[in-house]
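K.L.:
Dumping the structure here so I can ask a few things about it.
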Amino acid sequence: MLYRENGQFKSSYAADLQMLPIAQDRWFVLVLVLFAFLAVPFLASDYLFLSILIPFLILTIAAIGLNLLVGYCGQISIGHAAFMAVGAYAAYNLVLRLPQLNFLIVLLLAGFIAAGVGMLFGIPSLRIKGLYLAVATLAAQFFIDWLFARVKWFTNHSTSGSVSTAPVELFGWIVDTPVEKYVFLLALLIVFTVLAKNLVRGHIGREWMAMRDMDVAAEVIGIRPVYAKLTAFAISAFYCGVAGALWGFVHLGSWEPLAFNLTLSLNLLFMIIIGGMGSLLGCYFGAAFIVILPILLDQAPLWLGVGISTATASHLAFMIFGALIVFFLIVEPHGLARLWAIGKEKLRLWPFPH
Amino acid sequence: MLARNWPVMLLSAALMIGLVLPLATKASPPGFYIEVLLGGLMAGVLYSLVAMGFALIFKASGVFNFAQGAMVLFAALAVARLAEQMPLAVAVVLAFVIMVVLAWLIERLVLRPLVNQEGVALLMATLGVTYFLDGFGQTLWGSDIYKIELGIAKEPVMILDNVFQGGILVNKEDFAAALVAALLVTALSVFFQKTSTGRALRAVADDHQAAQSIGIPLNRIWVIVWSIAGLVALVAGIMWGAKLGVQFSVSQVALKALPVVILGGFTSVNGAILGGLIIGVGEKMAEVFLGPVMVKMFDLAGGGIENWFAYVLALLFLLVRPEGLFGEKHIDRV
C-alpha cells in the first residue's frame with residue numbers, strides 16, 4: 001500500500017537518470033543513512049562497533065570490489081584477500097616513509113597500487129576463464145602472502161614480521177574511538193557505494209556485463225575484451241586495496257603476516273554468493289551475514305546452555321557454515337538480494353493480489 | 001604435439017636447465033642432489049594422488065571439486081582413529097565404506113539439487129562441502145595429530161654408498177607409497193578401459209546428454225565417480241598420514257593439487273600424475289637450491305618458495321598452454 005510508484009512520472013532526463021527512481025526508496029535510503037549516522041553512534045555498544053559494525057563496513061567495501069569483478073564482469077577470483085594485503089602493506093609503507101601525506105591520499109595511493117597489482121594478475125584472464133582463472137588468482141594469493149611474509153622491506157625489517165600502526169589522523173581529527181572509526185568508515189562506504197553504483201550503470205559497467213553475459217558477442221559489438229577485463233580487475237583490486245588498508249589501520253591496528261590469507265579470500269567470495277552476485281545491495285547483506293554468523297555460532301552454545309568445549313564449538317561452526325552455504329546455493333542461487341527484490345515486488349501489490 | 005609451440009618449448013627448456021643447473025655447476029654433491037630429487041618425486045606422488053581425485057570428478061561431472069583436500073583429511077582421520085580399535089586392514093575397508101556413503105550423500109544432497117547450475121555455483125558448493133567436512137571430520141574423529149602405522153620400517157636406508165660419496169638416504173615407506181600409487185593408477189586405468197562401468201564413466205565424461213540418451217544413469221555414475229575419488233583420497237590420506245601424521249594441515253596442503261591439475265590438464269588422469277611429479281620435484285629443487293640464492297639476493301626472512309612455486313609455475317603454464325600437458329585442446333575462446 002505504501003510502496004507504490006503510481007503517479008510518479010519521469011518528466012525530465014534528470015529524473016530518468018536518477019539512482020533511486022522510486023520516491024519511497026529515496027526516503028527509505030535517506031532515513032537509513034540518517035539513522036546510521038545520527039542514531040547508531042548513540043545506541044550501539046563498543047562491542048557491537050568493534051566486533052560487528054566496523055568489520056562489516058570494511059568488508060562491504062571489499063565485497064563490492066570483488067562483486068564488480070565476479071558479479072558484473074564474470075571473472076572469478078579466489079585471491080582477492082591478496083589485493084587487500086597489497087593495499088594494507090602499501091598504506092603501511094606510505095605512512096612510514098612519507099609521514100606528511102594525508103591519510104585520504106595514502107588510502108587512494110594504496111588503492112592505486114593494489115589496482116596495478118590487480119591488473120598484473122588479471123592478465124591471465126585475457127587467455128583463460130572460469131575455473132582456470134580461479135587457479136591463476138590463487139597463485140596471486142599464495143605469492144603475495146609469501147612476499148609480505150618474507151621480504152623484510154615491506155614490514156620495515158620487523159623481526160616477527162608483524163607490523164603495527166598509529167591511529168588514523170585526518171586534518172587533525174584522530175580516529176581512535178570505536179564511534180569515530182564507525183563514522184569515518186560509514187562515510188567512506190557511502191562514497192564507494194555511490195561510486196560503484198555509477199560505475200555499473202555507466203558505460204564501463206555495461207561493458208563488463210556484456211563481457212560477462214557473452215564475451216564473443218560483446219567483442220562483435222565493439223567492446224575491447226582487454227580493456228573491459230583489465231579495468232574490472234583494476235577497479236576491483238582498487239576497492240579491495242582500500243578495504244585492506246582500512247582493515248589494517250582502522251580495524252586491526254597491528255597485524256601479523258598472513259592476516260590476509262586464503263580464508264579471507266574465500267569469505268569474500270561467500271559474501272557475494274550469499275548476498276547475490278551482480279548486486280551492490282547483496283554485498284551489504286553478504287558482508288553482514290558472514291560477519292554475524294560466526295559470532296552467532298560462537299554464542300549459540302552459551303544461550304542454549306550446552307556445555308561443549310571451544311574446539312568442538314568451532315568445528316560445529318565450520319559444519320554449520322558449510323551446510324548453510326550449500327543450503328543457500330540450493331534454495332536461492334541468486335542470493336539474499338534476490339529475496340529482497342521478491343519482497344519489494346510483493347510489497348508493490350500488497351494488500352491486493354494483482 | 002609440442003613442436004611448434006615455442007613458448008612451451010621455452011618454458012620446458014627453462015625448467016630443464018633449472019633442473020640440471022645445481023648439478024652442472026657443482027653446487028651440490030650428486031648424492032645430495034639425487035636425495036632431493038627423490039624427495040621431490042615422493043612429494044609428487046602424493047600430489048598426483050590428490051590431483052587424480054580432482055581430475056576424475058572434473059572429467060565425469062564437470063565439477064571442480066574443491067573438497068578433495070577435505071576428503072583426504074576425512075579419510076585419513078577415519079583410518080587413523082579406526083585403526084586404534086581394530087586391525088589396519090579392517091579399518092581401511094571400513095573407511096572406504098564410509099567414503100562411499102559420503103559420496104552418495106554428496107551426490108544426493110548437494111549435486112543433484114544443483115544440477116544444471118553454472119560451474120561457479122558448483123565450485124562454491126564444494127567449498128561449502130569443504131568447510132562441512134573439515135568441521136565434521138574433526139568433530140567426529142577428534143582434532144589432535146594422529147599417526148597411521150603401516151608397519152614399514154621408518155629408518156632410512158643407505159643405498160649406492162659405493163657409487164657416491166656419502167651414499168643416498170632413502171625411506172622404505174616412500175617406496176611403498178610410490179608402489180601403491182602405481183598399483184592404484186594401473187587398477188584405475190584397467191577399470192576405466194576394460195569394465196562396462198568404466199566405459200559408462202568415460203561416456204559420461206565425453207557427453208552427458210548423449211550418455212543419458214543411451215540409458216546410462218547419470219546419478220549412479222556420479223556416485224561411482226565420487227566414490228572412486230573417495231578411494232583415491234583414502235590412499236592419499238593413508239600415505240600422507242603415515243609420512244607426516246594426520247592433522248588439519250593435510251586439508252590445506254592438498255590445495256597444491258590445483259596447480260597440478262592445471263599443469264596436467266583438467267581432464268587427464270595421466271596429466272595429473274605427470275604434473276604431480278613435475279611440481280613435486282620442481283618445488284623441492286626450488287626450495288633447496290634456489291631458495292638460499294634468493295634469500296641472499298633479496299634479503300628475505302627465510303625461504304618458503306615451495307608455498308607458491310607450484311602456483312606460479314601453473315600460472316606461467318596457463319599463459320602459454322592453457323589446456324595443460326594432456327588436457328583436451330578445446331578451450332572456449334576468450
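Each chain in the C-alpha cells gets a letter, A, B, ..., in the order shown, and its residues are numbered from 1; ligands are numbered from 1 in order too.
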List every residue of chain B that has an atom at most 8 Å from any atom of chain A, and for each one report the closest atom pair and its distance in Å to one decimal, counting only C-alpha atoms, with rows sorted by chain and then by increasing residue number, as a tab-separated table.
P.N.:
residue	atom	partner	partner_atom	distance
B:Phe64	CA	A:Leu131	CA	7.5
B:Val110	CA	A:Val326	CA	6.8
B:Pro113	CA	A:Ile330	CA	6.2
B:Leu114	CA	A:Ile330	CA	6.1
B:Gly119	CA	A:Gly130	CA	7.8
B:Val120	CA	A:Gly130	CA	7.5
B:Ala121	CA	A:Leu329	CA	7.0
B:Met124	CA	A:Phe270	CA	7.7
B:Ala125	CA	A:Val326	CA	5.2
B:Leu127	CA	A:Gly322	CA	7.4
B:Gly128	CA	A:Gly322	CA	4.0
B:Val129	CA	A:Gly322	CA	5.8
B:Thr130	CA	A:Gly322	CA	7.0
B:Tyr131	CA	A:Gly322	CA	4.7
B:Phe132	CA	A:Met319	CA	4.0
B:Leu133	CA	A:Met319	CA	6.9
B:Asp134	CA	A:Phe318	CA	7.1
B:Gly135	CA	A:His315	CA	4.3
B:Phe136	CA	A:Met319	CA	5.9
B:Gln138	CA	A:His315	CA	6.6
B:Thr139	CA	A:His315	CA	6.0
B:Leu258	CA	A:Val135	CA	6.8
B:Pro259	CA	A:Val135	CA	6.9
B:Ile262	CA	A:Tyr132	CA	7.2
B:Phe298	CA	A:Val151	CA	7.3
B:Asp299	CA	A:Val151	CA	6.9
B:Leu300	CA	A:Val151	CA	4.7
B:Ala301	CA	A:Arg150	CA	4.7
B:Gly302	CA	A:Arg150	CA	6.3
B:Gly303	CA	A:Arg150	CA	7.4
B:Gly304	CA	A:Trp146	CA	7.4
B:Ile305	CA	A:Trp146	CA	7.8
B:Asn307	CA	A:Phe142	CA	6.7
B:Trp308	CA	A:Phe143	CA	5.2
B:Tyr311	CA	A:Ala139	CA	4.6
B:Val312	CA	A:Ala139	CA	5.7
B:Ala314	CA	A:Ala136	CA	7.5
B:Leu315	CA	A:Ala136	CA	5.4
B:Leu318	CA	A:Pro124	CA	7.4
B:Leu319	CA	A:Pro124	CA	6.2
B:Pro322	CA	A:Ile128	CA	6.8
B:Arg333	CA	A:Val216	CA	7.9
B:Val334	CA	A:Arg127	CA	5.9
K.L.:
Would you mind exporting C-alpha atoms of the selected residues as a compact mmCIF listing (two decimals), in the first residue's frame?
P.N.:
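Below is the file out03.txt, written as the result:
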# COMPACT_ATOMS: atom_id res chain seq x y z
CA PHE B 64 35.65 -28.59 -9.82
CA VAL B 110 24.50 -31.28 -2.92
CA PRO B 113 19.70 -30.20 -6.39
CA LEU B 114 22.34 -28.11 -8.12
CA GLY B 119 30.31 -24.00 -12.75
CA VAL B 120 30.93 -21.24 -10.25
CA ALA B 121 27.91 -22.20 -8.17
CA MET B 124 31.03 -22.71 -4.26
CA ALA B 125 29.00 -25.73 -3.22
CA LEU B 127 33.69 -25.08 -0.92
CA GLY B 128 30.74 -25.43 1.41
CA VAL B 129 31.32 -29.17 1.46
CA THR B 130 34.98 -28.47 2.31
CA TYR B 131 34.04 -26.44 5.36
CA PHE B 132 31.48 -29.01 6.39
CA LEU B 133 33.85 -31.95 6.05
CA ASP B 134 36.67 -30.17 7.86
CA GLY B 135 34.36 -29.48 10.77
CA PHE B 136 32.56 -32.81 10.67
CA GLN B 138 37.27 -33.16 13.42
CA THR B 139 34.08 -33.31 15.47
CA LEU B 258 45.19 -27.42 -8.02
CA PRO B 259 48.29 -26.26 -9.90
CA ILE B 262 46.31 -27.12 -14.30
CA PHE B 298 66.77 -10.13 -1.90
CA ASP B 299 67.49 -10.22 1.82
CA LEU B 300 64.50 -12.38 2.67
CA ALA B 301 63.42 -13.59 6.07
CA GLY B 302 63.68 -17.24 5.17
CA GLY B 303 62.77 -19.34 2.17
CA GLY B 304 59.35 -20.87 1.70
CA ILE B 305 59.43 -20.74 -2.08
CA ASN B 307 54.49 -22.24 -0.89
CA TRP B 308 53.99 -20.51 -4.21
CA TYR B 311 51.09 -21.86 -8.41
CA VAL B 312 53.36 -19.51 -10.28
CA ALA B 314 50.93 -23.22 -13.22
CA LEU B 315 50.19 -19.57 -13.93
CA LEU B 318 48.36 -21.29 -18.31
CA LEU B 319 49.62 -18.32 -20.27
CA PRO B 322 46.04 -23.19 -21.27
CA ARG B 333 37.67 -18.68 -26.89
CA VAL B 334 38.16 -15.77 -24.53
K.L.:
Extract, using only C-alpha atoms, all DNA, RNA and protein residues at most 12 Å from B:Leu88, discarding same-chain residues fewer than 6 positions from it, and format them as a ChimeraX atom specification.
P.N.:
/B:78-82,94-95,148-151,238
K.L.:
I need the chosen residues saved as a compact mmCIF listing (two decimals), in the first residue's frame, with C-alpha atoms.
P.N.:
# COMPACT_ATOMS: atom_id res chain seq x y z
CA ALA B 78 38.86 -42.13 9.77
CA VAL B 79 41.66 -44.63 9.16
CA ALA B 80 43.81 -43.28 11.96
CA ARG B 81 41.05 -43.41 14.54
CA LEU B 82 39.52 -46.69 13.42
CA LEU B 94 35.60 -49.59 6.85
CA ALA B 95 36.97 -46.16 5.92
CA ILE B 148 48.98 -44.10 10.94
CA GLU B 149 51.31 -47.06 11.41
CA LEU B 150 51.74 -49.07 8.26
CA GLY B 151 54.22 -51.46 9.81
CA ILE B 238 46.98 -43.02 4.35
K.L.:
Any idea what's packed within 9 Å of A:Arg212, counting only C-alpha atoms, ignoring anything in its chain fewer than 4 positions away? Could you give it as an MDAnalysis selection string?
P.N.:
chainID A and resid 70:75 207:208 218
K.L.:
Just C-alpha atoms for this one: save the residues we selected as a PDB file, in the first residue's frame.
P.N.:
ATOM      1  CA  VAL A  70      32.900 -11.581 -10.294  1.00  0.00           C
ATOM      2  CA  GLY A  71      29.292 -10.473 -10.368  1.00  0.00           C
ATOM      3  CA  TYR A  72      29.489  -7.799 -13.043  1.00  0.00           C
ATOM      4  CA  CYS A  73      32.414  -8.808 -15.234  1.00  0.00           C
ATOM      5  CA  GLY A  74      32.106 -12.561 -14.725  1.00  0.00           C
ATOM      6  CA  GLN A  75      35.791 -13.199 -13.941  1.00  0.00           C
ATOM      7  CA  GLU A 207      30.805  -3.301 -20.971  1.00  0.00           C
ATOM      8  CA  TRP A 208      31.571  -5.573 -18.023  1.00  0.00           C
ATOM      9  CA  ALA A 218      30.466  -8.290 -26.708  1.00  0.00           C
TER      10      ALA A 218
END
K.L.:
Taking into account only C-alpha atoms, which residue in the set A:Gly241, A:Asp46, A:Asn102, A:Pro167 is nearest to A:Gly87?
P.N.:
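Ranked by minimum distance to A:Gly87, first place goes to A:Gly241.
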K.L.:
Give me every strand (DSSP E or B) residue in stretch 10-259 of chain A, going by DSSP on the backbone, as a list in words.
P.N.:
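DSSP-assigned strand (DSSP E or B) residues in stretch 10-259 of chain A: Val151, Val163, Ser164, Val168, Glu169, Leu170, Trp173, Ile174, Val175, Ser254 and Trp255 of chain A.
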K.L.:
Between atom CA of A:Tyr284 and atom CA of A:Tyr182, measure the distance and give it in Å to one decimal.
P.N.:
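Rounded to one decimal, the two atoms are 15.4 Å apart.
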K.L.:
Run DSSP on the backbone of this structure and report the residues of stretch 24-273 of chain A it assigns to alpha helix (DSSP H), as an MDAnalysis selection string.
P.N.:
chainID A and resid 24:34 40:43 46:48 54:67 80:97 103:122 131:150 178:201 203:213 215:220 225:246 262:273
K.L.:
Would you mind listing what lies within 10 Å of A:Gly205 as a VMD selection string, with only C-alpha atoms counted and same-chain residues fewer than 4 positions away left out?
P.N.:
chain A and resid 68 72 to 73 196 to 201 209 to 211 228 231 to 232
K.L.:
Include N, CA and C atoms and write out the residues we just selected as a PDB file, in the first residue's frame.
P.N.:
ATOM      1  N   LEU A  68      32.250  -6.381  -8.266  1.00  0.00           N
ATOM      2  CA  LEU A  68      32.432  -5.726  -9.558  1.00  0.00           C
ATOM      3  C   LEU A  68      33.113  -6.676 -10.533  1.00  0.00           C
ATOM      4  N   TYR A  72      29.789  -8.636 -11.888  1.00  0.00           N
ATOM      5  CA  TYR A  72      29.489  -7.799 -13.043  1.00  0.00           C
ATOM      6  C   TYR A  72      30.300  -8.186 -14.266  1.00  0.00           C
ATOM      7  N   CYS A  73      31.593  -8.504 -14.063  1.00  0.00           N
ATOM      8  CA  CYS A  73      32.414  -8.808 -15.234  1.00  0.00           C
ATOM      9  C   CYS A  73      32.553 -10.312 -15.463  1.00  0.00           C
ATOM     10  N   ALA A 196      30.440   2.993  -7.020  1.00  0.00           N
ATOM     11  CA  ALA A 196      30.265   1.695  -7.677  1.00  0.00           C
ATOM     12  C   ALA A 196      28.944   1.662  -8.434  1.00  0.00           C
ATOM     13  N   LYS A 197      27.912   2.208  -7.803  1.00  0.00           N
ATOM     14  CA  LYS A 197      26.598   2.219  -8.452  1.00  0.00           C
ATOM     15  C   LYS A 197      26.678   2.941  -9.791  1.00  0.00           C
ATOM     16  N   ASN A 198      27.404   4.067  -9.789  1.00  0.00           N
ATOM     17  CA  ASN A 198      27.501   4.828 -11.024  1.00  0.00           C
ATOM     18  C   ASN A 198      28.425   4.175 -12.031  1.00  0.00           C
ATOM     19  N   LEU A 199      29.410   3.454 -11.541  1.00  0.00           N
ATOM     20  CA  LEU A 199      30.265   2.710 -12.468  1.00  0.00           C
ATOM     21  C   LEU A 199      29.459   1.646 -13.192  1.00  0.00           C
ATOM     22  N   VAL A 200      28.643   0.893 -12.415  1.00  0.00           N
ATOM     23  CA  VAL A 200      27.990  -0.246 -13.051  1.00  0.00           C
ATOM     24  C   VAL A 200      26.811   0.174 -13.912  1.00  0.00           C
ATOM     25  N   ARG A 201      26.282   1.371 -13.706  1.00  0.00           N
ATOM     26  CA  ARG A 201      25.205   1.750 -14.628  1.00  0.00           C
ATOM     27  C   ARG A 201      25.717   2.647 -15.741  1.00  0.00           C
ATOM     28  N   MET A 209      29.223  -6.112 -18.055  1.00  0.00           N
ATOM     29  CA  MET A 209      28.109  -7.059 -18.062  1.00  0.00           C
ATOM     30  C   MET A 209      27.994  -7.750 -19.415  1.00  0.00           C
ATOM     31  N   ALA A 210      28.275  -6.994 -20.469  1.00  0.00           N
ATOM     32  CA  ALA A 210      28.250  -7.613 -21.794  1.00  0.00           C
ATOM     33  C   ALA A 210      29.309  -8.701 -21.877  1.00  0.00           C
ATOM     34  N   MET A 211      30.479  -8.393 -21.306  1.00  0.00           N
ATOM     35  CA  MET A 211      31.588  -9.351 -21.286  1.00  0.00           C
ATOM     36  C   MET A 211      31.178 -10.602 -20.519  1.00  0.00           C
ATOM     37  N   ALA A 228      37.971  -4.080 -21.105  1.00  0.00           N
ATOM     38  CA  ALA A 228      36.894  -4.360 -20.151  1.00  0.00           C
ATOM     39  C   ALA A 228      37.407  -5.203 -18.990  1.00  0.00           C
ATOM     40  N   THR A 231      40.126  -3.296 -16.775  1.00  0.00           N
ATOM     41  CA  THR A 231      39.541  -2.263 -15.907  1.00  0.00           C
ATOM     42  C   THR A 231      38.790  -2.913 -14.764  1.00  0.00           C
ATOM     43  N   ALA A 232      38.092  -3.996 -15.063  1.00  0.00           N
ATOM     44  CA  ALA A 232      37.371  -4.669 -13.968  1.00  0.00           C
ATOM     45  C   ALA A 232      38.349  -5.136 -12.905  1.00  0.00           C
TER      46      ALA A 232
END
K.L.:
Quick one: residues within 7 Å of A:Val168, only C-alpha atoms counted, chain neighbours fewer than 4 positions away excluded, as a count of residues only?
P.N.:
4
K.L.:
Could you jot down the atom CA of A:Ser162 to atom CA of A:Ser254 separation for me, Å, one decimal place?
P.N.:
7.1 Å
K.L.:
Env of B:Phe191: 12 Å cut, atoms = only C-alpha atoms, seq-sep filter 3 positions within chain, self excluded. Answer as a ChimeraX atom specification.
P.N.:
/B:184-188,194-202,224-225,228
K.L.:
Of the residues A:Gly343, A:Gly286, A:Pro294, A:Pro353, which is the one nearest to A:Leu59, using only C-alpha atoms?
P.N.:
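For A:Leu59, the nearest of the candidates is A:Gly286.
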K.L.:
At what distance in Å, to one decimal, does atom CA of A:Phe112 lie from atom CA of A:Leu280?
P.N.:
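Rounded to one decimal, the two atoms are 21.6 Å apart.
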